[in-house]
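Quick look at protein-v3.pdb (PDB, C-alpha atoms and all ligand atoms):
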MODEL        1
ATOM      1  CA  MET A   1      21.275  94.911   2.074  1.00  0.00           C
ATOM      2  CA  ALA A   2      22.418  91.731   3.759  1.00  0.00           C
ATOM      3  CA  ALA A   3      18.870  90.415   3.749  1.00  0.00           C
ATOM      4  CA  THR A   4      18.678  90.614  -0.064  1.00  0.00           C
ATOM      5  CA  ALA A   5      22.207  89.358  -0.724  1.00  0.00           C
ATOM      6  CA  LEU A   6      21.713  86.138   1.213  1.00  0.00           C
ATOM      7  CA  PRO A   7      18.966  84.538  -0.893  1.00  0.00           C
ATOM      8  CA  VAL A   8      20.914  85.223  -4.094  1.00  0.00           C
ATOM      9  CA  LEU A   9      23.887  83.346  -2.729  1.00  0.00           C
ATOM     10  CA  PHE A  10      21.622  80.560  -1.512  1.00  0.00           C
ATOM     11  CA  TRP A  11      19.911  80.059  -4.849  1.00  0.00           C
ATOM     12  CA  SER A  12      22.963  80.305  -7.056  1.00  0.00           C
ATOM     13  CA  LEU A  13      25.173  77.936  -5.080  1.00  0.00           C
ATOM     14  CA  PRO A  14      23.570  74.526  -5.751  1.00  0.00           C
ATOM     15  CA  GLU A  15      23.456  75.179  -9.527  1.00  0.00           C
ATOM     16  CA  THR A  16      27.187  75.858  -9.719  1.00  0.00           C
ATOM     17  CA  VAL A  17      28.107  72.891  -7.567  1.00  0.00           C
ATOM     18  CA  HIS A  18      25.885  70.649  -9.661  1.00  0.00           C
ATOM     19  CA  SER A  19      27.266  71.431 -13.082  1.00  0.00           C
ATOM     20  CA  GLU A  20      30.904  71.049 -11.972  1.00  0.00           C
ATOM     21  CA  ASP A  21      29.928  67.818 -10.339  1.00  0.00           C
ATOM     22  CA  PHE A  22      28.412  66.509 -13.595  1.00  0.00           C
ATOM     23  CA  THR A  23      31.534  67.440 -15.564  1.00  0.00           C
ATOM     24  CA  ASP A  24      33.661  65.477 -13.088  1.00  0.00           C
ATOM     25  CA  ARG A  25      31.352  62.498 -13.172  1.00  0.00           C
ATOM     26  CA  ARG A  26      31.356  62.565 -16.953  1.00  0.00           C
ATOM     27  CA  SER A  27      35.181  62.468 -17.110  1.00  0.00           C
ATOM     28  CA  GLN A  28      35.194  59.593 -14.638  1.00  0.00           C
ATOM     29  CA  MET A  29      32.644  57.736 -16.724  1.00  0.00           C
ATOM     30  CA  VAL A  30      34.819  58.168 -19.829  1.00  0.00           C
ATOM     31  CA  GLU A  31      37.985  57.131 -18.009  1.00  0.00           C
ATOM     32  CA  PHE A  32      36.740  54.144 -16.030  1.00  0.00           C
ATOM     33  CA  ASP A  33      33.667  52.819 -17.827  1.00  0.00           C
ATOM     34  CA  LEU A  34      34.772  53.469 -21.398  1.00  0.00           C
ATOM     35  CA  LYS A  35      38.554  53.797 -21.840  1.00  0.00           C
ATOM     36  CA  GLN A  36      39.473  51.159 -19.309  1.00  0.00           C
ATOM     37  CA  ARG A  37      36.929  48.778 -20.808  1.00  0.00           C
ATOM     38  CA  GLY A  38      38.412  49.078 -24.283  1.00  0.00           C
ATOM     39  CA  ILE A  39      36.687  51.956 -26.073  1.00  0.00           C
ATOM     40  CA  LEU A  40      39.531  53.453 -28.111  1.00  0.00           C
ATOM     41  CA  ASP A  41      38.006  55.697 -30.786  1.00  0.00           C
ATOM     42  CA  SER A  42      38.890  59.253 -29.811  1.00  0.00           C
ATOM     43  CA  SER A  43      35.871  60.757 -31.570  1.00  0.00           C
ATOM     44  CA  VAL A  44      33.565  58.486 -29.538  1.00  0.00           C
ATOM     45  CA  LEU A  45      35.355  59.289 -26.275  1.00  0.00           C
ATOM     46  CA  GLY A  46      35.234  63.001 -27.137  1.00  0.00           C
ATOM     47  CA  ALA A  47      31.503  62.869 -27.820  1.00  0.00           C
ATOM     48  CA  MET A  48      30.786  60.977 -24.599  1.00  0.00           C
ATOM     49  CA  LEU A  49      32.825  63.551 -22.698  1.00  0.00           C
ATOM     50  CA  LYS A  50      30.759  66.337 -24.196  1.00  0.00           C
ATOM     51  CA  VAL A  51      27.116  65.192 -24.215  1.00  0.00           C
ATOM     52  CA  PRO A  52      25.370  66.168 -20.937  1.00  0.00           C
ATOM     53  CA  ARG A  53      23.794  62.786 -20.141  1.00  0.00           C
ATOM     54  CA  HIS A  54      22.081  64.282 -17.076  1.00  0.00           C
ATOM     55  CA  GLU A  55      19.859  66.272 -19.465  1.00  0.00           C
ATOM     56  CA  PHE A  56      18.544  63.014 -20.949  1.00  0.00           C
ATOM     57  CA  VAL A  57      17.528  61.156 -17.775  1.00  0.00           C
ATOM     58  CA  GLU A  58      14.491  61.733 -15.588  1.00  0.00           C
ATOM     59  CA  SER A  59      15.094  64.198 -12.763  1.00  0.00           C
ATOM     60  CA  LYS A  60      14.703  61.475 -10.131  1.00  0.00           C
ATOM     61  CA  HIS A  61      17.724  59.685 -11.653  1.00  0.00           C
ATOM     62  CA  LEU A  62      20.020  62.706 -11.797  1.00  0.00           C
ATOM     63  CA  ASN A  63      22.309  61.284  -9.114  1.00  0.00           C
ATOM     64  CA  VAL A  64      22.993  58.194 -11.234  1.00  0.00           C
ATOM     65  CA  ALA A  65      23.024  59.929 -14.631  1.00  0.00           C
ATOM     66  CA  TYR A  66      26.693  58.982 -15.146  1.00  0.00           C
ATOM     67  CA  ALA A  67      26.595  55.513 -13.597  1.00  0.00           C
ATOM     68  CA  ASP A  68      27.315  52.744 -16.088  1.00  0.00           C
ATOM     69  CA  MET A  69      23.786  51.408 -16.256  1.00  0.00           C
ATOM     70  CA  ALA A  70      20.652  51.681 -18.320  1.00  0.00           C
ATOM     71  CA  LEU A  71      17.952  53.833 -16.707  1.00  0.00           C
ATOM     72  CA  PRO A  72      14.194  53.806 -17.109  1.00  0.00           C
ATOM     73  CA  ILE A  73      12.629  56.634 -19.131  1.00  0.00           C
ATOM     74  CA  LYS A  74       8.908  57.130 -19.793  1.00  0.00           C
ATOM     75  CA  LYS A  75       6.608  54.522 -21.347  1.00  0.00           C
ATOM     76  CA  ASN A  76       8.599  51.529 -20.055  1.00  0.00           C
ATOM     77  CA  GLN A  77      11.586  52.356 -22.236  1.00  0.00           C
ATOM     78  CA  THR A  78      15.228  52.846 -21.275  1.00  0.00           C
ATOM     79  CA  ILE A  79      18.221  55.044 -21.965  1.00  0.00           C
ATOM     80  CA  SER A  80      21.057  52.612 -22.691  1.00  0.00           C
ATOM     81  CA  GLN A  81      24.098  52.284 -20.446  1.00  0.00           C
ATOM     82  CA  PRO A  82      27.010  54.560 -21.424  1.00  0.00           C
ATOM     83  CA  TYR A  83      29.368  51.674 -22.275  1.00  0.00           C
ATOM     84  CA  ILE A  84      26.860  50.167 -24.714  1.00  0.00           C
ATOM     85  CA  VAL A  85      26.176  53.553 -26.332  1.00  0.00           C
ATOM     86  CA  ALA A  86      29.935  53.989 -26.801  1.00  0.00           C
ATOM     87  CA  LEU A  87      30.389  50.429 -28.062  1.00  0.00           C
ATOM     88  CA  MET A  88      27.587  50.746 -30.640  1.00  0.00           C
ATOM     89  CA  THR A  89      28.915  54.103 -31.783  1.00  0.00           C
ATOM     90  CA  GLU A  90      32.468  52.783 -32.095  1.00  0.00           C
ATOM     91  CA  SER A  91      31.253  49.680 -33.912  1.00  0.00           C
ATOM     92  CA  ALA A  92      29.615  51.868 -36.567  1.00  0.00           C
ATOM     93  CA  ARG A  93      33.127  53.101 -37.594  1.00  0.00           C
ATOM     94  CA  LEU A  94      31.938  56.644 -38.259  1.00  0.00           C
ATOM     95  CA  LYS A  95      33.534  59.470 -40.227  1.00  0.00           C
ATOM     96  CA  ALA A  96      32.803  63.160 -39.720  1.00  0.00           C
ATOM     97  CA  THR A  97      31.095  63.385 -43.126  1.00  0.00           C
ATOM     98  CA  ASP A  98      28.723  60.465 -42.455  1.00  0.00           C
ATOM     99  CA  LYS A  99      24.953  60.513 -42.529  1.00  0.00           C
ATOM    100  CA  VAL A 100      23.477  58.197 -39.910  1.00  0.00           C
ATOM    101  CA  LEU A 101      20.012  56.807 -39.221  1.00  0.00           C
ATOM    102  CA  GLU A 102      18.978  55.696 -35.743  1.00  0.00           C
ATOM    103  CA  ILE A 103      15.882  53.620 -35.019  1.00  0.00           C
ATOM    104  CA  GLY A 104      14.601  54.141 -31.458  1.00  0.00           C
ATOM    105  CA  THR A 105      15.242  57.763 -30.434  1.00  0.00           C
ATOM    106  CA  GLY A 106      14.126  57.175 -26.820  1.00  0.00           C
ATOM    107  CA  SER A 107      15.699  59.945 -24.743  1.00  0.00           C
ATOM    108  CA  ALA A 108      17.803  61.046 -27.774  1.00  0.00           C
ATOM    109  CA  TYR A 109      21.069  60.472 -25.883  1.00  0.00           C
ATOM    110  CA  GLN A 110      22.479  58.141 -28.532  1.00  0.00           C
ATOM    111  CA  ALA A 111      21.339  60.579 -31.234  1.00  0.00           C
ATOM    112  CA  ALA A 112      23.210  63.408 -29.485  1.00  0.00           C
ATOM    113  CA  VAL A 113      26.376  61.300 -29.209  1.00  0.00           C
ATOM    114  CA  LEU A 114      26.145  60.563 -32.946  1.00  0.00           C
ATOM    115  CA  ALA A 115      25.495  64.231 -33.684  1.00  0.00           C
ATOM    116  CA  GLU A 116      28.783  65.189 -32.018  1.00  0.00           C
ATOM    117  CA  ILE A 117      30.656  62.931 -34.449  1.00  0.00           C
ATOM    118  CA  VAL A 118      28.903  63.011 -37.825  1.00  0.00           C
ATOM    119  CA  GLU A 119      27.425  65.622 -40.123  1.00  0.00           C
ATOM    120  CA  GLN A 120      23.782  64.579 -40.084  1.00  0.00           C
ATOM    121  CA  VAL A 121      21.674  62.290 -37.916  1.00  0.00           C
ATOM    122  CA  TYR A 122      18.118  61.063 -38.562  1.00  0.00           C
ATOM    123  CA  SER A 123      16.241  59.341 -35.758  1.00  0.00           C
ATOM    124  CA  ILE A 124      12.829  57.669 -35.629  1.00  0.00           C
ATOM    125  CA  GLU A 125      10.799  56.886 -32.486  1.00  0.00           C
ATOM    126  CA  ILE A 126       7.583  54.854 -32.429  1.00  0.00           C
ATOM    127  CA  VAL A 127       6.213  56.211 -29.107  1.00  0.00           C
ATOM    128  CA  LYS A 128       4.711  59.643 -29.730  1.00  0.00           C
ATOM    129  CA  THR A 129       5.386  61.211 -26.299  1.00  0.00           C
ATOM    130  CA  LEU A 130       9.018  60.111 -26.427  1.00  0.00           C
ATOM    131  CA  ALA A 131       9.412  61.396 -29.988  1.00  0.00           C
ATOM    132  CA  GLU A 132       7.996  64.782 -29.019  1.00  0.00           C
ATOM    133  CA  GLU A 133      10.084  65.111 -25.880  1.00  0.00           C
ATOM    134  CA  ALA A 134      13.239  63.993 -27.693  1.00  0.00           C
ATOM    135  CA  ALA A 135      12.717  66.618 -30.414  1.00  0.00           C
ATOM    136  CA  GLU A 136      12.164  69.296 -27.804  1.00  0.00           C
ATOM    137  CA  ARG A 137      15.261  68.233 -25.833  1.00  0.00           C
ATOM    138  CA  LEU A 138      17.546  68.160 -28.880  1.00  0.00           C
ATOM    139  CA  ASN A 139      16.280  71.575 -29.862  1.00  0.00           C
ATOM    140  CA  ARG A 140      16.843  72.984 -26.376  1.00  0.00           C
ATOM    141  CA  LEU A 141      20.385  71.598 -26.273  1.00  0.00           C
ATOM    142  CA  GLY A 142      21.164  73.026 -29.702  1.00  0.00           C
ATOM    143  CA  TYR A 143      21.579  69.810 -31.724  1.00  0.00           C
ATOM    144  CA  GLU A 144      20.719  71.284 -35.109  1.00  0.00           C
ATOM    145  CA  ASN A 145      22.082  68.359 -37.124  1.00  0.00           C
ATOM    146  CA  VAL A 146      19.527  65.830 -35.849  1.00  0.00           C
ATOM    147  CA  LYS A 147      16.190  65.364 -37.597  1.00  0.00           C
ATOM    148  CA  THR A 148      13.600  63.341 -35.718  1.00  0.00           C
ATOM    149  CA  ARG A 149      10.373  61.705 -36.747  1.00  0.00           C
ATOM    150  CA  HIS A 150       7.555  59.906 -34.981  1.00  0.00           C
ATOM    151  CA  GLY A 151       6.753  56.541 -36.550  1.00  0.00           C
ATOM    152  CA  ASP A 152       7.745  52.919 -37.045  1.00  0.00           C
ATOM    153  CA  GLY A 153      11.419  52.762 -37.985  1.00  0.00           C
ATOM    154  CA  TYR A 154      11.017  49.441 -39.816  1.00  0.00           C
ATOM    155  CA  GLN A 155      10.576  51.184 -43.177  1.00  0.00           C
ATOM    156  CA  GLY A 156      13.482  53.557 -42.479  1.00  0.00           C
ATOM    157  CA  TRP A 157      13.620  57.116 -43.853  1.00  0.00           C
ATOM    158  CA  GLU A 158      13.852  56.578 -47.588  1.00  0.00           C
ATOM    159  CA  GLU A 159      13.924  60.236 -48.726  1.00  0.00           C
ATOM    160  CA  ALA A 160      16.932  60.912 -46.482  1.00  0.00           C
ATOM    161  CA  GLY A 161      18.920  57.792 -47.460  1.00  0.00           C
ATOM    162  CA  PRO A 162      21.144  56.110 -48.385  1.00  0.00           C
ATOM    163  CA  PHE A 163      22.993  56.129 -45.064  1.00  0.00           C
ATOM    164  CA  ASP A 164      26.620  55.468 -44.145  1.00  0.00           C
ATOM    165  CA  ALA A 165      25.501  53.817 -40.933  1.00  0.00           C
ATOM    166  CA  ILE A 166      22.264  52.683 -39.298  1.00  0.00           C
ATOM    167  CA  LEU A 167      21.880  51.952 -35.578  1.00  0.00           C
ATOM    168  CA  ILE A 168      18.871  50.093 -34.231  1.00  0.00           C
ATOM    169  CA  THR A 169      18.691  50.710 -30.494  1.00  0.00           C
ATOM    170  CA  ALA A 170      15.878  48.238 -29.790  1.00  0.00           C
ATOM    171  CA  ALA A 171      16.067  44.438 -29.943  1.00  0.00           C
ATOM    172  CA  THR A 172      15.009  43.089 -33.290  1.00  0.00           C
ATOM    173  CA  PRO A 173      14.212  39.435 -34.088  1.00  0.00           C
ATOM    174  CA  LYS A 174      15.276  39.938 -37.726  1.00  0.00           C
ATOM    175  CA  ILE A 175      17.197  42.329 -39.964  1.00  0.00           C
ATOM    176  CA  PRO A 176      14.694  44.814 -41.454  1.00  0.00           C
ATOM    177  CA  GLN A 177      15.144  44.600 -45.248  1.00  0.00           C
ATOM    178  CA  PRO A 178      14.087  48.228 -45.947  1.00  0.00           C
ATOM    179  CA  LEU A 179      16.990  49.353 -43.729  1.00  0.00           C
ATOM    180  CA  VAL A 180      19.447  47.133 -45.612  1.00  0.00           C
ATOM    181  CA  ASP A 181      18.181  48.743 -48.835  1.00  0.00           C
ATOM    182  CA  GLN A 182      18.831  52.227 -47.399  1.00  0.00           C
ATOM    183  CA  LEU A 183      22.416  51.398 -46.423  1.00  0.00           C
ATOM    184  CA  LYS A 184      25.245  52.498 -48.742  1.00  0.00           C
ATOM    185  CA  THR A 185      27.732  49.969 -50.082  1.00  0.00           C
ATOM    186  CA  GLY A 186      30.400  49.790 -47.394  1.00  0.00           C
ATOM    187  CA  GLY A 187      27.829  51.031 -44.879  1.00  0.00           C
ATOM    188  CA  ARG A 188      27.542  49.569 -41.382  1.00  0.00           C
ATOM    189  CA  MET A 189      24.439  48.554 -39.478  1.00  0.00           C
ATOM    190  CA  VAL A 190      24.659  47.981 -35.706  1.00  0.00           C
ATOM    191  CA  MET A 191      21.841  46.266 -33.815  1.00  0.00           C
ATOM    192  CA  PRO A 192      20.857  43.934 -30.974  1.00  0.00           C
ATOM    193  CA  LEU A 193      19.692  40.899 -32.931  1.00  0.00           C
ATOM    194  CA  GLY A 194      17.748  38.013 -31.445  1.00  0.00           C
ATOM    195  CA  GLU A 195      14.366  36.512 -30.651  1.00  0.00           C
ATOM    196  CA  GLY A 196      14.923  36.516 -26.881  1.00  0.00           C
ATOM    197  CA  ARG A 197      13.611  39.196 -24.519  1.00  0.00           C
ATOM    198  CA  ASP A 198      16.405  38.647 -22.022  1.00  0.00           C
ATOM    199  CA  SER A 199      19.412  38.605 -24.292  1.00  0.00           C
ATOM    200  CA  GLN A 200      20.392  39.463 -27.827  1.00  0.00           C
ATOM    201  CA  ASN A 201      23.599  39.600 -29.845  1.00  0.00           C
ATOM    202  CA  LEU A 202      25.010  42.987 -30.634  1.00  0.00           C
ATOM    203  CA  VAL A 203      26.096  42.644 -34.264  1.00  0.00           C
ATOM    204  CA  VAL A 204      27.640  44.821 -36.955  1.00  0.00           C
ATOM    205  CA  LEU A 205      26.601  44.137 -40.523  1.00  0.00           C
ATOM    206  CA  THR A 206      28.710  45.611 -43.299  1.00  0.00           C
ATOM    207  CA  LYS A 207      27.150  45.884 -46.757  1.00  0.00           C
ATOM    208  CA  LYS A 208      29.579  44.494 -49.315  1.00  0.00           C
ATOM    209  CA  LYS A 209      29.880  45.431 -53.006  1.00  0.00           C
ATOM    210  CA  ASP A 210      27.762  42.452 -54.072  1.00  0.00           C
ATOM    211  CA  GLY A 211      25.029  43.567 -51.623  1.00  0.00           C
ATOM    212  CA  GLU A 212      25.751  40.710 -49.211  1.00  0.00           C
ATOM    213  CA  LEU A 213      26.027  41.463 -45.506  1.00  0.00           C
ATOM    214  CA  HIS A 214      29.164  40.614 -43.574  1.00  0.00           C
ATOM    215  CA  LYS A 215      28.158  39.869 -39.993  1.00  0.00           C
ATOM    216  CA  GLU A 216      30.361  40.445 -36.947  1.00  0.00           C
ATOM    217  CA  PHE A 217      29.399  39.521 -33.378  1.00  0.00           C
ATOM    218  CA  ILE A 218      30.338  42.129 -30.778  1.00  0.00           C
ATOM    219  CA  THR A 219      28.858  41.008 -27.458  1.00  0.00           C
ATOM    220  CA  GLY A 220      25.720  39.866 -25.659  1.00  0.00           C
ATOM    221  CA  VAL A 221      23.277  42.668 -24.741  1.00  0.00           C
ATOM    222  CA  VAL A 222      19.792  43.246 -23.338  1.00  0.00           C
ATOM    223  CA  PHE A 223      17.593  45.819 -25.079  1.00  0.00           C
ATOM    224  CA  VAL A 224      13.896  46.644 -24.957  1.00  0.00           C
ATOM    225  CA  PRO A 225      12.089  45.124 -27.937  1.00  0.00           C
ATOM    226  CA  MET A 226      11.664  46.770 -31.307  1.00  0.00           C
ATOM    227  CA  THR A 227       7.902  46.847 -31.836  1.00  0.00           C
ATOM    228  CA  GLY A 228       5.665  47.379 -34.851  1.00  0.00           C
ATOM    229  CA  GLU A 229       6.027  45.872 -38.320  1.00  0.00           C
ATOM    230  CA  VAL A 230       9.147  43.819 -37.491  1.00  0.00           C
ATOM    231  CA  ARG A 231       6.970  41.617 -35.231  1.00  0.00           C
ATOM    232  CA  GLN A 232       4.363  40.861 -37.911  1.00  0.00           C
TER     233      GLN A 232
HETATM  234  N1  LIG B 301      18.476  55.222 -28.189  1.00  0.00           N
HETATM  235  C1  LIG B 301      17.694  55.504 -27.000  1.00  0.00           C
HETATM  236  C2  LIG B 301      17.325  54.280 -26.193  1.00  0.00           C
HETATM  237  C3  LIG B 301      16.548  53.316 -26.943  1.00  0.00           C
HETATM  238  S1  LIG B 301      15.323  52.413 -26.051  1.00  0.00           S
HETATM  239  C4  LIG B 301      18.397  56.477 -26.085  1.00  0.00           C
HETATM  240  O1  LIG B 301      19.552  56.863 -26.366  1.00  0.00           O
HETATM  241  O2  LIG B 301      17.791  56.896 -25.110  1.00  0.00           O
HETATM  242  C5  LIG B 301      14.518  51.804 -27.498  1.00  0.00           C
HETATM  243  C6  LIG B 301      13.590  52.786 -28.129  1.00  0.00           C
HETATM  244  O3  LIG B 301      13.153  52.223 -29.358  1.00  0.00           O
HETATM  245  C7  LIG B 301      12.336  53.032 -27.306  1.00  0.00           C
HETATM  246  O4  LIG B 301      12.152  54.404 -27.095  1.00  0.00           O
HETATM  247  C8  LIG B 301      11.233  52.440 -28.174  1.00  0.00           C
HETATM  248  O5  LIG B 301       9.999  53.115 -28.042  1.00  0.00           O
HETATM  249  C9  LIG B 301      11.808  52.583 -29.563  1.00  0.00           C
HETATM  250  N2  LIG B 301      11.244  51.680 -30.591  1.00  0.00           N
HETATM  251  C10 LIG B 301      10.834  50.396 -30.452  1.00  0.00           C
HETATM  252  N3  LIG B 301      10.400  49.918 -31.629  1.00  0.00           N
HETATM  253  C11 LIG B 301      10.546  50.901 -32.545  1.00  0.00           C
HETATM  254  C12 LIG B 301      10.253  51.019 -33.937  1.00  0.00           C
HETATM  255  N4  LIG B 301       9.707  50.017 -34.632  1.00  0.00           N
HETATM  256  N5  LIG B 301      10.529  52.185 -34.554  1.00  0.00           N
HETATM  257  C13 LIG B 301      11.052  53.247 -33.862  1.00  0.00           C
HETATM  258  N6  LIG B 301      11.326  53.197 -32.543  1.00  0.00           N
HETATM  259  C14 LIG B 301      11.091  52.053 -31.889  1.00  0.00           C
ENDMDL
END

I'd like the structure from this file rewritten - as structure tokens, please.
Ligand code: SAH
Amino acid sequence: MAATALPVLFWSLPETVHSEDFTDRRSQMVEFDLKQRGILDSSVLGAMLKVPRHEFVESKHLNVAYADMALPIKKNQTISQPYIVALMTESARLKATDKVLEIGTGSAYQAAVLAEIVEQVYSIEIVKTLAEEAAERLNRLGYENVKTRHGDGYQGWEEAGPFDAILITAATPKIPQPLVDQLKTGGRMVMPLGEGRDSQNLVVLTKKKDGELHKEFITGVVFVPMTGEVRQ
């Protein structure tokens, strides 16, 4: 009897310790890296407290899943640092009834954070492997209100628009006009804007009644480049 009981205990122990550990780390991340750095929106803080970031990083980075830094994912891409994910989400000034488009699904972490806050999320990823893995991950974690697509996000997702908010999570040298066209009046677009590889400006553009964009500078950021049509 003892010989069979021992392995069960051995195998079940690390699992339990791990998940409690992640919950603790996640609360610390929210407290120290988000709240104390000025993220105030309770829906954003709630979402960041809920989404299991460790499910979105590569297994070799599990120990730093909740550290406030960007981490490499496949195909030379990155999952953004928690503070920047929170800042972009807060800057989009979301309501529970909103429909949001994200360009650059990557690991789908940002998409999951959005999905905790709004009714419907659409996300486009240009790298096929990442798009496939992101779809599989969202499905496994039960995010039924996120639709993903493999392709160039430059042209947006016209059939699903217009959107209350659009987030571009890759650095773009210019504002993609098709995305502006798919934004509702009063809608917000958040993106790292700039020609440089090493730094861009995180901006929020609000579409006014006359169709003009009101631009607000948030902070300096470093994102991987948006590729495809925007570079032509
Ligand atoms: N939001 C992601 C991180 C984004 S990294 C996360 O939460 O993990 C930027 C992503 O944008 C990369 O996966 C990159 O492949 C993708 N990307 C770059 N250019 C794109 C384009 N034109 N259309 C769609 N996705 C693009």

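You can rank A:Ala67, A:Ile124, A:Val221, A:Met191 by their closest distance to A:Ile103 using all atoms listed in the file, and at the top of that list sits A:Ile124.
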
*Between A:Ala165, A:Ile79, A:Ala115, A:Leu202, single out the one closest to ligand LIG 301 (chain B), counting only C-alpha atoms and all ligand atoms.*
A:Ile79

Return as AutoDock Vina command-line options the box centre and box size in Å, one decimal, for an axis-aligned box around all listed atoms of ligand LIG 301 (chain B) padded by 6 Å per side.
--center_x 14.6 --center_y 53.4 --center_z -29.9 --size_x 21.8 --size_y 19.0 --size_z 21.5

*Run through the PyMOL selection byres (((not hetatm)) within 6 of (chain B and resi 301)) on the given coordinates and return the selected residues as a list in words.*
Gln77, Thr78, Ile79, Ser80, Ile103, Gly104, Thr105, Gly106, Ser107, Ala108, Tyr109, Gln110, Ile124, Glu125, Ile126, Val127, Asp152, Gly153, Tyr154, Thr169, Ala170, Val224, Pro225, Met226, Thr227 and Gly228 of chain A

Write a file of the just-selected residues containing C-alpha atoms, as a PDB file, in the coordinates of the input.
ATOM      1  CA  GLN A  77      11.586  52.356 -22.236  1.00  0.00           C
ATOM      2  CA  THR A  78      15.228  52.846 -21.275  1.00  0.00           C
ATOM      3  CA  ILE A  79      18.221  55.044 -21.965  1.00  0.00           C
ATOM      4  CA  SER A  80      21.057  52.612 -22.691  1.00  0.00           C
ATOM      5  CA  ILE A 103      15.882  53.620 -35.019  1.00  0.00           C
ATOM      6  CA  GLY A 104      14.601  54.141 -31.458  1.00  0.00           C
ATOM      7  CA  THR A 105      15.242  57.763 -30.434  1.00  0.00           C
ATOM      8  CA  GLY A 106      14.126  57.175 -26.820  1.00  0.00           C
ATOM      9  CA  SER A 107      15.699  59.945 -24.743  1.00  0.00           C
ATOM     10  CA  ALA A 108      17.803  61.046 -27.774  1.00  0.00           C
ATOM     11  CA  TYR A 109      21.069  60.472 -25.883  1.00  0.00           C
ATOM     12  CA  GLN A 110      22.479  58.141 -28.532  1.00  0.00           C
ATOM     13  CA  ILE A 124      12.829  57.669 -35.629  1.00  0.00           C
ATOM     14  CA  GLU A 125      10.799  56.886 -32.486  1.00  0.00           C
ATOM     15  CA  ILE A 126       7.583  54.854 -32.429  1.00  0.00           C
ATOM     16  CA  VAL A 127       6.213  56.211 -29.107  1.00  0.00           C
ATOM     17  CA  ASP A 152       7.745  52.919 -37.045  1.00  0.00           C
ATOM     18  CA  GLY A 153      11.419  52.762 -37.985  1.00  0.00           C
ATOM     19  CA  TYR A 154      11.017  49.441 -39.816  1.00  0.00           C
ATOM     20  CA  THR A 169      18.691  50.710 -30.494  1.00  0.00           C
ATOM     21  CA  ALA A 170      15.878  48.238 -29.790  1.00  0.00           C
ATOM     22  CA  VAL A 224      13.896  46.644 -24.957  1.00  0.00           C
ATOM     23  CA  PRO A 225      12.089  45.124 -27.937  1.00  0.00           C
ATOM     24  CA  MET A 226      11.664  46.770 -31.307  1.00  0.00           C
ATOM     25  CA  THR A 227       7.902  46.847 -31.836  1.00  0.00           C
ATOM     26  CA  GLY A 228       5.665  47.379 -34.851  1.00  0.00           C
TER      27      GLY A 228
END

*Could you name the residues that touch A:Met69 at 12 Å or less, counting only C-alpha atoms, but leaving out those on the same chain fewer than 5 positions away, as a ChimeraX atom specification?*
/A:29,33,57,61,64,78-85,222

*Can you turn the PyMOL selection byres (((chain A and resi 138) around 10) and not hetatm) into a concrete residue list for this file, as a list in words?*
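Answer for the PyMOL selection byres (((chain A and resi 138) around 10) and not hetatm): Glu55, Phe56, Ser107, Ala108, Tyr109, Ala111, Ala112, Glu133, Ala134, Ala135, Glu136, Arg137, Asn139, Arg140, Leu141, Gly142, Tyr143, Glu144, Asn145, Val146, Lys147 and Thr148 of chain A.
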
*Run through the PyMOL selection byres (((chain A and resi 93) around 9) and not hetatm) on the given coordinates and return the selected residues as a ChimeraX atom specification.*
/A:41,89-92,94-95,165,188

*Which of these, A:Asp164, A:Glu20, A:Glu195, A:Asp181, has the shortest distance to A:Gly211 once you count all atoms listed in the file?*
A:Asp181

*Of the candidates A:Val230, A:Ile39, A:Phe223, A:Lys99, which one gets nearest to A:Gln155 if we count all atoms listed in the file?*
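Among the listed residues, A:Val230 lies closest to A:Gln155.
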
_For a test of reading the model, state the distance in Å between atom CA of A:Ala160 and atom CA of A:Pro173, rounded to one decimal._
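According to the coordinates, atom CA of A:Ala160 and atom CA of A:Pro173 are separated by 24.9 Å.
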
*Long-range neighbours of A:Val118 as a list of chain:residue names, 6 Å cut-off, all atoms listed in the file, 5 positions minimum in chain*: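 After dropping sequence-adjacent residues, the list is A:Ala96, A:Thr97, A:Asp98.
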
*Looking at A:Leu193, A:Ile166, A:Val30, A:Val51, which one is nearest to A:Val100, with distances taken over only C-alpha atoms?*
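Closest to A:Val100 of all the choices is A:Ile166.
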
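For the pair atom CA of A:Arg231 and atom CA of A:Leu87, the separation is 26.0 Å.
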
_I need the residue nearest A:Thr129 from this list: A:Pro52, A:Gly38, A:Gly186, A:Gly151. Use all atoms listed in the file for the distance._
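Looking at the shortest contact to A:Thr129, the residue is A:Gly151.
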
*List the neighbours of A:Glu58 out to 10 Å using only C-alpha atoms; skip same-chain residues closer than 5 positions along the sequence, and give me the result as a PyMOL selection string.*
chain A and resi 65+71-74+79+107
